[in-house]
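Peer 1: For reference, the file work.tsv (TSV, C-alpha atoms and all ligand atoms) is included below:
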chain	number	residue	atom	x	y	z
A	138	MET	CA	59.88	27.59	-23.40
A	139	SER	CA	56.79	29.72	-23.65
A	140	HIS	CA	54.75	28.52	-26.63
A	141	GLU	CA	54.23	32.10	-27.66
A	142	PHE	CA	57.70	32.12	-29.25
A	143	GLU	CA	57.73	28.72	-30.96
A	144	GLU	CA	56.66	30.23	-34.29
A	145	TYR	CA	59.50	32.78	-34.29
A	146	GLY	CA	63.07	32.51	-35.54
A	147	PHE	CA	66.23	32.53	-33.45
A	148	ASP	CA	66.93	36.25	-33.67
A	149	THR	CA	63.37	37.21	-32.78
A	150	ARG	CA	63.52	34.97	-29.72
A	151	ALA	CA	66.91	36.43	-28.77
A	152	VAL	CA	65.49	39.95	-28.82
A	153	ARG	CA	62.01	39.41	-27.39
A	154	ALA	CA	61.38	36.07	-25.67
A	155	GLY	CA	60.68	36.11	-21.95
A	156	HIS	CA	59.79	39.75	-21.39
A	157	GLN	CA	56.40	40.21	-19.74
A	158	ARG	CA	55.85	43.95	-20.02
A	159	SER	CA	54.86	45.59	-16.74
A	160	LEU	CA	52.03	48.11	-16.28
A	161	GLU	CA	54.59	50.87	-16.96
A	162	GLY	CA	54.72	49.81	-20.61
A	163	GLU	CA	58.54	49.71	-20.77
A	164	ASN	CA	60.16	48.66	-24.07
A	165	SER	CA	63.49	47.56	-22.56
A	166	GLU	CA	63.45	44.92	-19.82
A	167	PRO	CA	63.57	46.42	-16.30
A	168	ILE	CA	65.97	45.39	-13.53
A	169	PHE	CA	63.91	44.26	-10.55
A	170	ALA	CA	66.37	45.17	-7.79
A	171	THR	CA	64.34	43.70	-4.96
A	172	SER	CA	65.18	40.88	-2.58
A	173	SER	CA	61.60	40.24	-1.47
A	174	TYR	CA	57.99	40.75	-2.58
A	175	VAL	CA	54.90	42.08	-0.82
A	176	PHE	CA	51.64	40.14	-0.41
A	177	GLY	CA	48.16	41.65	-0.40
A	178	SER	CA	47.07	39.91	2.78
A	179	ALA	CA	48.04	37.32	5.37
A	180	GLN	CA	46.01	34.78	3.45
A	181	GLU	CA	47.87	35.55	0.22
A	182	ALA	CA	51.23	35.27	2.03
A	183	ALA	CA	50.20	31.85	3.33
A	184	ALA	CA	49.03	30.73	-0.12
A	185	ARG	CA	52.32	31.81	-1.74
A	186	PHE	CA	54.42	30.02	0.87
A	187	SER	CA	52.37	26.82	0.67
A	188	GLY	CA	52.63	26.87	-3.11
A	189	ALA	CA	48.83	27.02	-3.54
A	190	GLN	CA	49.25	30.37	-5.33
A	191	PRO	CA	52.11	30.87	-7.81
A	192	GLY	CA	54.17	34.07	-7.59
A	193	ASN	CA	57.28	35.70	-6.21
A	194	ILE	CA	58.30	35.29	-2.56
A	195	TYR	CA	62.01	35.99	-2.33
A	196	SER	CA	64.74	36.56	-4.94
A	197	ARG	CA	66.72	33.48	-3.94
A	198	PHE	CA	63.68	31.65	-5.40
A	199	THR	CA	62.47	33.83	-8.26
A	200	ASN	CA	63.05	37.31	-9.67
A	201	PRO	CA	61.34	38.75	-12.77
A	202	THR	CA	64.59	39.91	-14.44
A	203	VAL	CA	66.25	36.56	-13.83
A	204	ARG	CA	63.11	34.79	-15.09
A	205	THR	CA	63.20	36.84	-18.30
A	206	PHE	CA	66.80	35.73	-18.92
A	207	GLN	CA	65.90	32.10	-18.14
A	208	ASP	CA	62.89	32.06	-20.46
A	209	ARG	CA	64.88	33.71	-23.26
A	210	LEU	CA	67.79	31.26	-23.02
A	211	ALA	CA	65.35	28.31	-22.84
A	212	ALA	CA	63.73	29.60	-26.03
A	213	LEU	CA	67.14	29.79	-27.75
A	214	GLU	CA	68.32	26.31	-26.67
A	215	GLY	CA	64.88	24.79	-27.34
A	216	GLY	CA	64.50	23.60	-23.73
A	217	GLU	CA	61.36	23.44	-21.58
A	218	ALA	CA	63.06	25.04	-18.58
A	219	CYS	CA	66.12	27.09	-17.68
A	220	VAL	CA	67.57	27.92	-14.28
A	221	ALA	CA	70.10	30.76	-14.01
A	222	THR	CA	73.03	30.41	-11.63
A	223	ALA	CA	75.70	32.61	-10.05
A	224	SER	CA	78.45	31.25	-12.35
A	225	GLY	CA	79.12	28.52	-14.88
A	226	MET	CA	80.60	26.37	-12.12
A	227	ALA	CA	77.44	26.89	-10.04
A	228	ALA	CA	75.45	25.56	-13.03
A	229	ILE	CA	77.53	22.37	-13.13
A	230	LEU	CA	77.46	21.99	-9.33
A	231	SER	CA	73.69	22.53	-9.17
A	232	THR	CA	73.07	19.97	-11.93
A	233	CYS	CA	75.11	17.35	-10.04
A	234	MET	CA	73.65	18.15	-6.61
A	235	ALA	CA	70.12	17.96	-7.98
A	236	LEU	CA	70.46	14.78	-10.01
A	237	LEU	CA	73.10	12.63	-8.23
A	238	LYS	CA	73.53	10.98	-4.86
A	239	ALA	CA	76.35	9.23	-2.99
A	240	GLY	CA	77.41	6.07	-4.81
A	241	ASP	CA	76.63	7.43	-8.29
A	242	HIS	CA	79.23	7.60	-11.03
A	243	ILE	CA	80.03	10.21	-13.71
A	244	VAL	CA	81.83	9.56	-17.00
A	245	CYS	CA	83.45	12.78	-18.17
A	246	SER	CA	85.53	13.85	-21.14
A	247	ARG	CA	89.19	14.31	-20.24
A	248	SER	CA	89.17	17.65	-22.10
A	249	VAL	CA	86.86	19.71	-19.89
A	250	PHE	CA	87.32	23.00	-18.05
A	251	GLY	CA	89.92	22.64	-15.25
A	252	SER	CA	87.53	23.64	-12.45
A	253	THR	CA	85.05	21.02	-13.66
A	254	VAL	CA	87.70	18.34	-13.06
A	255	GLN	CA	88.43	19.81	-9.60
A	256	LEU	CA	84.71	19.86	-8.78
A	257	PHE	CA	84.10	16.27	-9.90
A	258	SER	CA	87.26	14.69	-8.48
A	259	ASN	CA	88.06	16.68	-5.35
A	260	ILE	CA	84.67	17.91	-4.15
A	261	LEU	CA	82.00	15.48	-5.38
A	262	GLY	CA	84.55	12.71	-4.76
A	263	ARG	CA	84.44	13.52	-1.02
A	264	PHE	CA	80.68	12.91	-1.08
A	265	GLY	CA	80.93	9.47	-2.66
A	266	ILE	CA	80.42	10.41	-6.30
A	267	ALA	CA	83.21	8.97	-8.46
A	268	THR	CA	84.27	10.19	-11.91
A	269	THR	CA	86.05	8.38	-14.74
A	270	TYR	CA	87.72	10.46	-17.47
A	271	VAL	CA	87.81	9.30	-21.08
A	272	PRO	CA	89.30	10.69	-24.32
A	273	LEU	CA	86.68	12.97	-25.86
A	274	GLY	CA	86.36	11.37	-29.29
A	275	ASP	CA	86.81	7.68	-28.31
A	276	ALA	CA	83.32	6.14	-28.42
A	277	ASP	CA	84.61	2.74	-27.20
A	278	ALA	CA	86.23	4.34	-24.14
A	279	TRP	CA	82.95	6.07	-23.23
A	280	GLY	CA	81.07	2.78	-23.55
A	281	ALA	CA	83.66	0.85	-21.54
A	282	ALA	CA	83.67	3.42	-18.71
A	283	ILE	CA	79.90	3.18	-18.13
A	284	GLY	CA	79.02	0.88	-15.24
A	285	PRO	CA	75.87	-0.01	-13.30
A	286	LYS	CA	76.20	3.11	-11.11
A	287	THR	CA	76.84	5.58	-13.93
A	288	ARG	CA	74.12	8.23	-14.03
A	289	LEU	CA	75.65	11.02	-16.04
A	290	LEU	CA	77.91	11.57	-19.05
A	291	PHE	CA	79.49	15.03	-19.19
A	292	VAL	CA	81.11	16.59	-22.25
A	293	GLU	CA	82.30	19.92	-23.64
A	294	THR	CA	82.35	20.23	-27.43
A	295	PRO	CA	84.41	21.71	-29.01
A	296	SER	CA	87.04	21.24	-26.32
A	297	ASN	CA	89.35	23.84	-24.84
A	298	PRO	CA	91.94	24.62	-26.16
A	299	LEU	CA	92.39	21.99	-28.93
A	300	THR	CA	88.86	22.30	-30.40
A	301	GLU	CA	88.28	18.54	-30.52
A	302	LEU	CA	84.64	17.55	-31.10
A	303	ALA	CA	82.37	14.95	-29.57
A	304	ASP	CA	79.49	13.54	-31.64
A	305	ILE	CA	76.52	14.59	-29.49
A	306	ASN	CA	74.01	12.33	-31.30
A	307	ALA	CA	76.21	9.29	-30.76
A	308	LEU	CA	76.89	10.08	-27.10
A	309	ALA	CA	73.17	10.67	-26.45
A	310	ARG	CA	72.31	7.27	-27.97
A	311	LEU	CA	75.01	5.62	-25.86
A	312	ALA	CA	73.85	7.39	-22.67
A	313	HIS	CA	70.19	6.53	-23.17
A	314	GLY	CA	70.91	2.92	-24.09
A	315	ARG	CA	72.65	2.53	-20.72
A	316	GLY	CA	70.16	4.49	-18.59
A	317	CYS	CA	72.31	7.63	-18.24
A	318	LEU	CA	71.80	11.33	-18.88
A	319	LEU	CA	73.96	13.34	-21.27
A	320	VAL	CA	75.01	16.79	-20.06
A	321	VAL	CA	76.70	19.12	-22.58
A	322	ASP	CA	78.64	22.26	-21.62
A	323	ASN	CA	77.69	24.49	-24.58
A	324	CYS	CA	79.85	27.43	-23.57
A	325	PHE	CA	82.08	27.48	-26.68
A	326	CYS	CA	79.34	27.35	-29.31
A	327	THR	CA	76.31	28.91	-27.60
A	328	PRO	CA	72.84	28.10	-29.02
A	329	ALA	CA	73.63	30.40	-31.94
A	330	LEU	CA	75.95	27.68	-33.33
A	331	GLN	CA	74.92	24.43	-31.65
A	332	ARG	CA	71.79	23.23	-29.86
A	333	PRO	CA	72.69	20.01	-28.03
A	334	LEU	CA	69.10	19.27	-26.94
A	335	GLU	CA	68.16	18.92	-30.64
A	336	HIS	CA	70.91	16.30	-30.93
A	337	GLY	CA	69.51	14.27	-28.04
A	338	ALA	CA	71.37	15.72	-25.02
A	339	ASP	CA	69.28	15.90	-21.85
A	340	ILE	CA	70.80	18.96	-20.21
A	341	VAL	CA	72.84	21.94	-21.41
A	342	VAL	CA	75.01	23.93	-19.01
A	343	HIS	CA	76.48	27.36	-19.70
A	344	SER	CA	79.04	29.72	-18.38
A	345	ALA	CA	77.14	32.91	-19.26
A	346	THR	CA	80.36	34.72	-18.37
A	347	LYS	CA	81.67	33.95	-21.85
A	348	TYR	CA	79.78	34.54	-25.10
A	349	LEU	CA	76.29	35.04	-23.60
A	350	ASP	CA	77.59	38.22	-21.97
A	351	GLY	CA	80.06	38.69	-24.80
A	352	GLN	CA	81.69	41.79	-23.37
A	353	GLY	CA	83.51	40.43	-20.34
A	354	ARG	CA	81.40	42.16	-17.68
A	355	CYS	CA	79.64	39.65	-15.41
A	356	VAL	CA	80.02	36.12	-14.05
A	357	GLY	CA	76.98	33.86	-14.41
A	358	GLY	CA	75.68	30.52	-15.63
A	359	ALA	CA	72.61	28.52	-16.58
A	360	VAL	CA	71.16	25.01	-16.79
A	361	VAL	CA	68.67	24.21	-19.59
A	362	GLY	CA	66.58	21.05	-20.02
A	363	ASP	CA	63.19	19.51	-19.32
A	364	ALA	CA	60.61	20.79	-16.85
A	365	GLU	CA	60.98	17.88	-14.43
A	366	ARG	CA	64.78	17.66	-14.04
A	367	VAL	CA	65.70	21.29	-14.55
A	368	GLY	CA	62.47	23.19	-13.79
A	369	LYS	CA	61.83	21.15	-10.65
A	370	GLU	CA	64.96	19.33	-9.43
A	371	VAL	CA	67.72	21.82	-10.31
A	372	PHE	CA	65.46	24.75	-9.40
A	373	GLY	CA	64.66	23.05	-6.09
A	374	PHE	CA	68.36	22.76	-5.26
A	375	LEU	CA	69.02	26.39	-6.16
A	376	ARG	CA	66.06	27.71	-4.22
A	377	THR	CA	67.37	26.01	-1.09
A	378	ALA	CA	71.15	26.18	-1.49
A	379	GLY	CA	71.22	29.63	-3.07
A	380	PRO	CA	73.80	29.91	-5.90
A	381	THR	CA	71.35	32.16	-7.77
A	382	MET	CA	72.01	34.84	-10.38
A	383	SER	CA	71.64	38.50	-9.39
A	384	PRO	CA	69.00	40.56	-11.25
A	385	PHE	CA	71.63	43.01	-12.44
A	386	ASN	CA	73.74	40.23	-13.99
A	387	ALA	CA	70.61	38.68	-15.53
A	388	TRP	CA	69.87	42.02	-17.20
A	389	VAL	CA	73.42	42.26	-18.62
A	390	PHE	CA	73.13	38.72	-20.02
A	391	LEU	CA	69.68	39.51	-21.48
A	392	LYS	CA	71.21	42.40	-23.39
A	393	GLY	CA	74.00	40.03	-24.48
A	394	LEU	CA	71.50	37.51	-25.87
A	395	GLU	CA	69.95	40.18	-28.11
A	396	THR	CA	73.14	40.40	-30.18
A	397	LEU	CA	74.34	36.81	-29.68
A	398	ARG	CA	73.98	35.47	-33.22
A	399	LEU	CA	75.41	38.60	-34.84
A	400	ARG	CA	78.41	38.57	-32.51
A	401	MET	CA	79.00	34.83	-33.00
A	402	ALA	CA	78.94	35.28	-36.78
A	403	ALA	CA	81.63	37.97	-36.47
A	404	HIS	CA	83.75	35.90	-34.04
A	405	CYS	CA	83.54	32.93	-36.43
A	406	ALA	CA	84.42	34.93	-39.56
A	407	SER	CA	87.50	36.46	-37.95
A	408	ALA	CA	88.58	33.16	-36.37
A	409	MET	CA	88.36	31.44	-39.77
A	410	ALA	CA	90.44	34.17	-41.40
A	411	LEU	CA	93.06	34.07	-38.64
A	412	ALA	CA	93.24	30.27	-38.58
A	413	SER	CA	93.86	30.11	-42.36
A	414	TRP	CA	96.48	32.85	-42.10
A	415	LEU	CA	98.23	31.12	-39.19
A	416	GLU	CA	98.48	27.88	-41.23
A	417	ASP	CA	100.75	29.79	-43.66
A	418	GLN	CA	103.13	31.19	-41.04
A	419	PRO	CA	106.55	29.47	-40.91
A	420	GLN	CA	106.84	29.75	-37.10
A	421	VAL	CA	103.57	27.80	-36.68
A	422	SER	CA	103.71	24.00	-36.90
A	423	ARG	CA	100.00	23.25	-36.46
A	424	VAL	CA	96.67	25.10	-36.24
A	425	TYR	CA	93.61	23.72	-34.42
A	426	TYR	CA	90.33	25.10	-35.75
A	427	PRO	CA	87.24	23.05	-36.75
A	428	GLY	CA	86.67	25.26	-39.80
A	429	LEU	CA	89.95	24.19	-41.43
A	430	THR	CA	89.79	21.21	-43.78
A	431	SER	CA	92.96	20.03	-42.01
A	432	HIS	CA	90.93	19.57	-38.77
A	433	PRO	CA	90.35	15.81	-38.35
A	434	GLN	CA	86.68	16.38	-37.42
A	435	HIS	CA	85.87	19.09	-39.94
A	436	GLU	CA	82.98	17.02	-41.37
A	437	LEU	CA	81.43	16.43	-37.94
A	438	ALA	CA	81.75	20.15	-37.19
A	439	ARG	CA	79.86	20.92	-40.42
A	440	ARG	CA	77.03	18.56	-39.43
A	441	GLN	CA	76.76	19.46	-35.77
A	442	GLN	CA	77.48	23.19	-35.70
A	443	ALA	CA	76.12	26.12	-37.71
A	444	ASP	CA	79.64	27.60	-37.77
A	445	PHE	CA	83.06	26.84	-36.31
A	446	GLY	CA	83.39	29.16	-33.31
A	447	GLY	CA	85.75	31.87	-32.14
A	448	ILE	CA	88.57	29.82	-30.58
A	449	VAL	CA	91.77	29.12	-32.51
A	450	ALA	CA	94.78	27.28	-31.05
A	451	PHE	CA	98.21	26.83	-32.63
A	452	ASP	CA	101.61	25.29	-31.90
A	453	VAL	CA	104.59	27.61	-32.15
A	454	ARG	CA	107.90	25.97	-33.13
A	455	GLY	CA	110.38	26.29	-30.26
A	456	GLY	CA	108.26	25.36	-27.24
A	457	ARG	CA	107.55	27.53	-24.21
A	458	GLU	CA	110.22	30.12	-24.88
A	459	ALA	CA	109.04	30.78	-28.41
A	460	ALA	CA	105.37	30.82	-27.36
A	461	TRP	CA	106.08	33.38	-24.62
A	462	ARG	CA	107.93	35.54	-27.15
A	463	VAL	CA	104.83	35.55	-29.35
A	464	VAL	CA	102.62	36.52	-26.41
A	465	ASP	CA	104.99	39.25	-25.24
A	466	GLY	CA	105.48	40.53	-28.79
A	467	THR	CA	101.81	41.45	-29.20
A	468	ARG	CA	100.60	44.85	-28.04
A	469	LEU	CA	96.88	44.88	-28.84
A	470	ILE	CA	95.62	41.42	-27.87
A	471	SER	CA	94.89	41.00	-24.12
A	472	ILE	CA	97.05	38.51	-22.22
A	473	THR	CA	94.36	36.81	-20.14
A	474	ALA	CA	92.74	33.41	-19.77
A	475	ASN	CA	89.19	34.65	-20.37
A	476	LEU	CA	87.32	34.00	-23.61
A	477	GLY	CA	84.07	35.00	-25.27
A	478	ASP	CA	84.83	38.71	-25.02
A	479	ALA	CA	84.69	41.43	-27.69
A	480	LYS	CA	88.39	41.88	-26.89
A	481	THR	CA	90.70	39.22	-28.37
A	482	THR	CA	92.67	37.29	-25.75
A	483	ILE	CA	95.79	35.13	-25.93
A	484	THR	CA	96.68	32.36	-23.47
A	485	HIS	CA	99.71	30.09	-23.05
A	486	ALA	CA	97.83	26.99	-21.85
A	487	ALA	CA	100.77	25.00	-20.40
A	488	THR	CA	101.68	27.73	-17.89
A	489	THR	CA	98.18	29.10	-17.11
A	490	THR	CA	94.90	27.22	-17.64
A	491	HIS	CA	96.67	23.83	-17.71
A	492	GLY	CA	99.57	24.78	-15.40
A	493	ARG	CA	98.34	22.64	-12.53
A	494	LEU	CA	98.60	19.44	-14.58
A	495	THR	CA	101.83	17.45	-14.51
A	496	ALA	CA	103.96	17.49	-17.67
A	497	GLU	CA	102.79	13.93	-18.34
A	498	GLN	CA	99.09	14.81	-17.96
A	499	ARG	CA	99.59	17.74	-20.32
A	500	ALA	CA	101.30	15.52	-22.87
A	501	ASP	CA	98.40	13.03	-22.59
A	502	ALA	CA	95.93	15.83	-23.20
A	503	GLY	CA	97.91	17.06	-26.23
A	504	ILE	CA	98.82	20.40	-24.62
A	505	GLY	CA	102.30	21.12	-25.95
A	506	ASP	CA	104.69	23.68	-24.47
A	507	GLY	CA	104.40	25.80	-27.62
A	508	LEU	CA	100.59	25.82	-27.70
A	509	LEU	CA	98.79	29.19	-27.73
A	510	ARG	CA	95.05	29.78	-27.65
A	511	VAL	CA	93.50	32.86	-29.18
A	512	ALA	CA	89.88	33.68	-28.34
A	513	VAL	CA	89.12	35.86	-31.34
A	514	GLY	CA	87.18	39.03	-30.49
A	515	LEU	CA	85.45	41.66	-32.54
A	516	GLU	CA	88.35	43.96	-33.52
A	517	ASP	CA	89.37	44.42	-37.19
A	518	VAL	CA	90.83	41.10	-38.24
A	519	GLU	CA	93.67	42.82	-40.13
A	520	ASP	CA	94.75	44.45	-36.85
A	521	LEU	CA	94.71	41.05	-35.14
A	522	LYS	CA	96.85	39.54	-37.90
A	523	ALA	CA	99.29	42.44	-37.67
A	524	ASP	CA	99.48	41.99	-33.88
A	525	LEU	CA	100.13	38.23	-34.10
A	526	TYR	CA	102.64	38.90	-36.87
A	527	ARG	CA	104.49	41.24	-34.48
A	528	GLY	CA	104.56	38.40	-31.96
A	529	LEU	CA	105.62	35.71	-34.44
A	530	ALA	CA	108.40	37.96	-35.74
A	531	GLN	CA	110.03	37.61	-32.30
A	532	VAL	CA	110.56	33.88	-32.87
A	533	PRO	CA	113.93	33.03	-34.40
A	534	GLY	CA	113.33	31.35	-37.81
B	601	LIG	C1	84.50	29.41	-17.96
B	601	LIG	C2	83.95	28.06	-18.18
B	601	LIG	C3	83.24	27.39	-17.17
B	601	LIG	C4	83.04	27.98	-15.78
B	601	LIG	O1	82.28	29.13	-15.83
B	601	LIG	P1	82.40	30.30	-14.74
B	601	LIG	O2	81.35	31.25	-15.19
B	601	LIG	O3	83.80	30.83	-14.81
B	601	LIG	O4	82.12	29.69	-13.42
B	601	LIG	C5	82.72	26.14	-17.45
B	601	LIG	N1	82.89	25.57	-18.66
B	601	LIG	C6	83.58	26.18	-19.64
B	601	LIG	C7	83.73	25.50	-20.97
B	601	LIG	C8	84.14	27.43	-19.44
B	601	LIG	O5	84.83	28.02	-20.43
Would you put the structure from the file into structure tokens?
Peer 2:
Amino acid sequence: MSHEFEEYGFDTRAVRAGHQRSLEGENSEPIFATSSYVFGSAQEAAARFSGAQPGNIYSRFTNPTVRTFQDRLAALEGGEACVATASGMAAILSTCMALLKAGDHIVCSRSVFGSTVQLFSNILGRFGIATTYVPLGDADAWGAAIGPKTRLLFVETPSNPLTELADINALARLAHGRGCLLVVDNCFCTPALQRPLEHGADIVVHSATKYLDGQGRCVGGAVVGDAERVGKEVFGFLRTAGPTMSPFNAWVFLKGLETLRLRMAAHCASAMALASWLEDQPQVSRVYYPGLTSHPQHELARRQQADFGGIVAFDVRGGREAAWRVVDGTRLISITANLGDAKTTITHAATTTHGRLTAEQRADAGIGDGLLRVAVGLEDVEDLKADLYRGLAQVPG
């Protein structure tokens, strides 16, 4: 992160870090819609290409708008370097391609994003990188899964959709004691609520598509960490292989970062209110939200996170049929699998995000047929309650 911003608080960094004002004196960050850059002379071109002179060459390598987003997110996560990517999956892929080789081994939480499992098992697996999956909160299982070839531990906390937590400090100690790196997917919390690098994680990955954008507009991602691994290795992979972020998307995400903490505070407040309300509804047998004292890891959530996030899951009595009735009974909330949007969304996990798992795998992962996930947006919370009430009223008592 640029030292210039170390003295400033989170919100000031979110609004201002990374922008190097051009000679035009603009107040809002410009979009540099250019694929290449012009050199003053043949000698300068040669010096840029050889690396003797720093500066832009081509937007697969660097772009000023993308760099502004990277420097701002690095300042928010407290990392030395950030590399922006075309999507969240490109961030995870780039991290693995840069830091692993054939024969290496990953230990990954069982409760990670579905495409992450596909990437690790079906794609990296073909290139000789094996992955072992462990229950998120089982420290002994993590320890037992680490072998001599393990290079990387990968975790998402809180998990989707059951909001289980991993203790980042404990996992970082375990990883470092065994010569491994800890990578945390910080998509659900964002740096406004949780900064994994401060808890000892080595690398943070993001799907910027979610809360960093916050308004459901663009797909993007990022990797944050130290100058050597991220600034050099991950950047080196991206510069060659090309899953880079477009300047337009970087600009949208920059604007998203400016309001990140305010939006997260509003998501959290409404999620807390909805979760408490859901606990009192007779059609609901269980609510999963780290802010509830009934959540088994409520104390860890208080220590590790500044607030409890915008994702609430709950079990509807009556299985799939009842859960679908709730979904179809709403008229305001969007029926979609996306999250991190100003618009509240509702998802029936067993038939969408987790539909490709077998019934047994779903049962193992705790995904019941009546489970619904609500990604709480920024609408009036009373309207959200009324909408869910309309849905719940469709379930026979
Ligand atoms: C959406 C998501 C991803 C993948 O991000 P894309 O931007 O869709 O590629 C990775 N991890 C988590 C936790 C996600 O929610």
Peer 1: As a PDB file with C-alpha atoms, keeping the file's coordinate frame, please: the residues near range 344-348 of chain A (cut-off 6 Å, all atoms listed in the file, same-chain neighbours under 4 positions excluded).
Peer 2:
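In the end it all went to selection25.pdb:
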ATOM      1  CA  GLY A 225      79.120  28.520 -14.880  1.00  0.00           C
ATOM      2  CA  CYS A 324      79.850  27.430 -23.570  1.00  0.00           C
ATOM      3  CA  CYS A 355      79.640  39.650 -15.410  1.00  0.00           C
ATOM      4  CA  VAL A 356      80.020  36.120 -14.050  1.00  0.00           C
ATOM      5  CA  GLY A 357      76.980  33.860 -14.410  1.00  0.00           C
ATOM      6  CA  GLY A 358      75.680  30.520 -15.630  1.00  0.00           C
ATOM      7  CA  LEU A 476      87.320  34.000 -23.610  1.00  0.00           C
ATOM      8  CA  GLY A 477      84.070  35.000 -25.270  1.00  0.00           C
TER       9      GLY A 477
END
Peer 1: Would you mind listing what lies within 12 Å of Asn164 in chain A as a ChimeraX atom specification, with all atoms listed in the file counted and same-chain residues fewer than 5 positions away left out?
Peer 2: /A:152-153,156-159
Peer 1: To check your reading of the model: which residues sit at most 10 Å from ligand LIG 601 (chain B) when counting only C-alpha atoms and all ligand atoms? Write the answer as a VMD selection string.
Peer 2: chain A and resid 222 to 230 248 to 253 292 to 298 321 to 326 342 to 348 355 to 359 474 to 477
Peer 1: Using all atoms listed in the file, which residues sit within 10 Å of Arg332 in chain A once same-chain residues fewer than 5 positions away are excluded, as an mmCIF file with C-alpha atoms, keeping the file's coordinate frame?
Peer 2:
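What follows is the written file selection37.cif:
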data_model
loop_
_atom_site.group_PDB
_atom_site.id
_atom_site.type_symbol
_atom_site.label_atom_id
_atom_site.label_comp_id
_atom_site.auth_asym_id
_atom_site.auth_seq_id
_atom_site.Cartn_x
_atom_site.Cartn_y
_atom_site.Cartn_z
ATOM 1 C CA LEU A 213 67.140 29.790 -27.750
ATOM 2 C CA GLU A 214 68.320 26.310 -26.670
ATOM 3 C CA GLY A 215 64.880 24.790 -27.340
ATOM 4 C CA GLY A 216 64.500 23.600 -23.730
ATOM 5 C CA ILE A 305 76.520 14.590 -29.490
ATOM 6 C CA VAL A 321 76.700 19.120 -22.580
ATOM 7 C CA ASN A 323 77.690 24.490 -24.580
ATOM 8 C CA CYS A 326 79.340 27.350 -29.310
ATOM 9 C CA THR A 327 76.310 28.910 -27.600
ATOM 10 C CA GLY A 337 69.510 14.270 -28.040
ATOM 11 C CA ALA A 338 71.370 15.720 -25.020
ATOM 12 C CA VAL A 341 72.840 21.940 -21.410
ATOM 13 C CA GLN A 441 76.760 19.460 -35.770
ATOM 14 C CA GLN A 442 77.480 23.190 -35.700
ATOM 15 C CA ALA A 443 76.120 26.120 -37.710
#
Peer 1: Let me make sure I understand: among A:Gly455, A:Gly362, A:Gly314, A:Gly393, which one has the smallest atom-to-atom distance to Val421 in chain A if we use all atoms listed in the file?
Peer 2: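 Closest to Val421 in chain A, using all atoms listed in the file: A:Gly455.
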Peer 1: Find the residues around Ile340 in chain A up to 10 Å (only C-alpha atoms counted), leave out those fewer than 5 positions away in its own chain, and share them as a ChimeraX atom specification.
Peer 2: /A:216,218-219,232,291,318-323,333-334,360-363,366-367
Peer 1: Between A:Leu391, A:Ala378, A:Ala282, A:Ala364, which residue has the minimum interatomic distance to Arg209 in chain A, considering all atoms listed in the file?
Peer 2: A:Leu391
Peer 1: What is the distance between CA of Arg527 in chain A and CA of Asp444 in chain A, in Å to one decimal?
Peer 2: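 Computed distance, CA of Arg527 in chain A to CA of Asp444 in chain A, equals 28.5 Å.
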